[in-house]
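Take a look at the structure set out below.
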Amino acid sequence: MIKTVIKEIIKTIAICGTLLLAASAALAQEKQTEGAAKPMPMQHEHHGFMQEGMHHAVAKGVKLDPNFDMATHTITLRVGPMNLPAHTSHMKMPQPPDLIWTVPLDGWLLAYHPKLVDAGGNSVPGTVLHHVAFWNENRADFLCPNKEEHIFGAGSELTDWAEIPGYGYRVQKGEKIRIETMMYNPTATSYDKAYLEVAIPFQETSDTAAPRKNVYPAWMDVAACGNSGYDLPAGKSEKTGTVTVKYDGVLLGVGGHLHDYGKKIILQDVSRKETVATLDAKSDAEGHLESVPVKLFVQDGGYKFAEGDVLKISATYDNPTGKLLRDGAMGIAVGYFAASDDTKMAALRRSSKMPHDMAGMSHDH
Ligand SMILES: [Cu+2]
C-alpha cells in the first residue's frame, strides 16, 4: 500500500494576521451556494494525484461545507461525513467524490492546517487520510502548464503548510478549487462519520494596509511534467528528471515528497551548476517514510531562479521488499516560488477547465 507523506512543505513561524477587517456579509451569503459535489462518478480516474488508476466506489453523502470565521479571517473547509471501517485499504474504501470549492473572495490564502475529527469534534488519527490534494482549475502550473496548479497536499502525516509572513497564494472570486480526498483505514478501530477539516487563514485584497506578495507552488518532479507515480524497482534505485524555469524569481523554500523506502531528494540548478538542496528523509526501521526536511531561503531573500534555468531533481530509494512495487514511488521537491515580475504570471490563468487528459498528476496508464 502506498502511504503518502508530504512533510512540512514550508516551515516558518506563523504570524497570524492581527488586522481585523469588517465582517463581510457577502462572504457569509456565498457560503449557501457552496459544497455541491461534482456529478461524475469516475472523476477519480482522471485526476488522481496518488491514485493507481483503478476504480473506486464513490462514498455517498460526502459534502463540502465551507465555514467562514470573519473574526479570525479563517476559512475552514470541511469534507464529510465519511464512514471508515477498520482494516480497509484505499482500494476497498468507498472514496469521496471530487468536491469543488468556489472561492468567494479576492485575496490571499495564507496557510493550510489539516485535521481529522469525528461528529463530536474529537480528534481522529491522521493514519486514515491517504491523501488530500487541492487543485486550482482556473490556473496552470508555472513549471508545467500542462497541469493545473496544485496548491495544497497532505497525507497521513497531516502536513501543516505554515504561513510565510508577507506572502500568500492569490485567489480571485469565482475560481474553482477541486478537492480530491482519498481515505483508508489500516487501523483496528472503525471511525463513523469522520470529517477532514482544512483551516485556511486568508487576507482580502481590500486590506490595503499590508498587501501580500504572491507565491506559486513549485512541484519539481523526477517525472518532469508527466505523471508523478512510477514503478519502484527492488533494491537501490535513483530516478532523475529536469524541468525548465520559465520566469525570473526566487524559491522561498523547499521540502520534499517521497513514498516509503525513499532515502533522499536532491534539487540542482544545472544552469548555475549548484545544488539547491539535499533533503535526507527520515524513516523507521522498516523503511517507512516519516519525514523529509525543509530548507528555507526566505530569510536570505530566496534562492534565485532565472528564466531558462534547468532544474534537475533526483530521488533515491532503497526498496527492501525484493520485488518491484507498481506505482510505488514519487520524487518531488515542493516549494514556493515568487516571481520577479508578477504580472507575467497572469498568463497562467485559465477561463475554463482543462481537458482531463492534460490536467492531472495521475497514476493512470
Ligand atoms: Cu505521492
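For the C-alpha cells, the naming scheme is as follows: chains receive sequential letters (A, B, ...) according to their order of presentation, residues are indexed from 1 within each chain, and ligands are indexed from 1 in presentation order.
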Using 6 Å as the limit and counting only C-alpha atoms, can you tabulate each residue of region 98-150 of chain A that touches region 176-179 of chain A, with its shortest atom-to-atom distance in Å and the two atoms involved, as a Markdown table?
| residue | atom | partner | partner_atom | distance |
| --- | --- | --- | --- | --- |
| A:Asp98 | CA | A:Ile179 | CA | 5.6 |
| A:Leu99 | CA | A:Ile179 | CA | 5.1 |
| A:Ile100 | CA | A:Arg178 | CA | 4.6 |
| A:Trp101 | CA | A:Ile177 | CA | 5.0 |
| A:Thr102 | CA | A:Lys176 | CA | 4.7 |
| A:Ala133 | CA | A:Ile179 | CA | 5.8 |
| A:Phe134 | CA | A:Ile179 | CA | 4.7 |
| A:Trp135 | CA | A:Arg178 | CA | 5.1 |
| A:Asn136 | CA | A:Ile177 | CA | 4.5 |
| A:Glu137 | CA | A:Lys176 | CA | 5.5 |
| Polymer residues at most 12 Å from Val171 (chain A), only C-alpha atoms, same-chain spacing of 2 or more positions, as a VMD selection string | chain A and resid 101 to 110 136 to 139 149 151 168 to 169 173 to 177 202 to 205 212 214 to 216 346 349
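Nearest to Thr189 (chain A) of all the residues A:Gln95, A:Thr88, A:Asn67, A:Thr159 is A:Thr88, counting only C-alpha atoms.
Considering only C-alpha atoms and all ligand atoms, the residue among A:Phe297, A:Trp219, A:Tyr195, A:Tyr336 positioned nearest to ligand 1 is A:Trp219.
Of the residues under consideration (A:Leu252, A:Ile266, A:Ala347, A:Leu143), A:Leu252 shows the shortest atom-to-atom contact distance to Asp300 (chain A) when counting only C-alpha atoms.
You can rank A:Asp192, A:Asp318, A:Glu163, A:Glu307 by their closest distance to Val250 (chain A) using only C-alpha atoms, and at the top of that list sits A:Glu307.
Shortest atom-to-atom contact with Leu325 (chain A) among A:Leu232, A:Ala188, A:Leu311, A:Leu251: A:Leu232, counting only C-alpha atoms.
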| Between CA of Ser89 (chain A) and CA of Tyr261 (chain A), what is the distance, to one decimal in Å? | 19.5 Å
| field | Contact residues around Lys213 (chain A) with only C-alpha atoms at 8 Å, ignoring same-chain residues under 3 positions, as a ChimeraX atom specification | value | /A:166-168,338
Put those residues in a file: C-alpha atoms, as a tab-separated table (two decimals), in the first residue's frame.
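Just written: again-v8.tsv:
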chain	number	residue	atom	x	y	z
A	166	GLY	CA	4.47	38.76	3.80
A	167	TYR	CA	3.40	36.18	1.20
A	168	GLY	CA	0.23	34.43	0.16
A	338	ALA	CA	7.80	34.26	-6.05
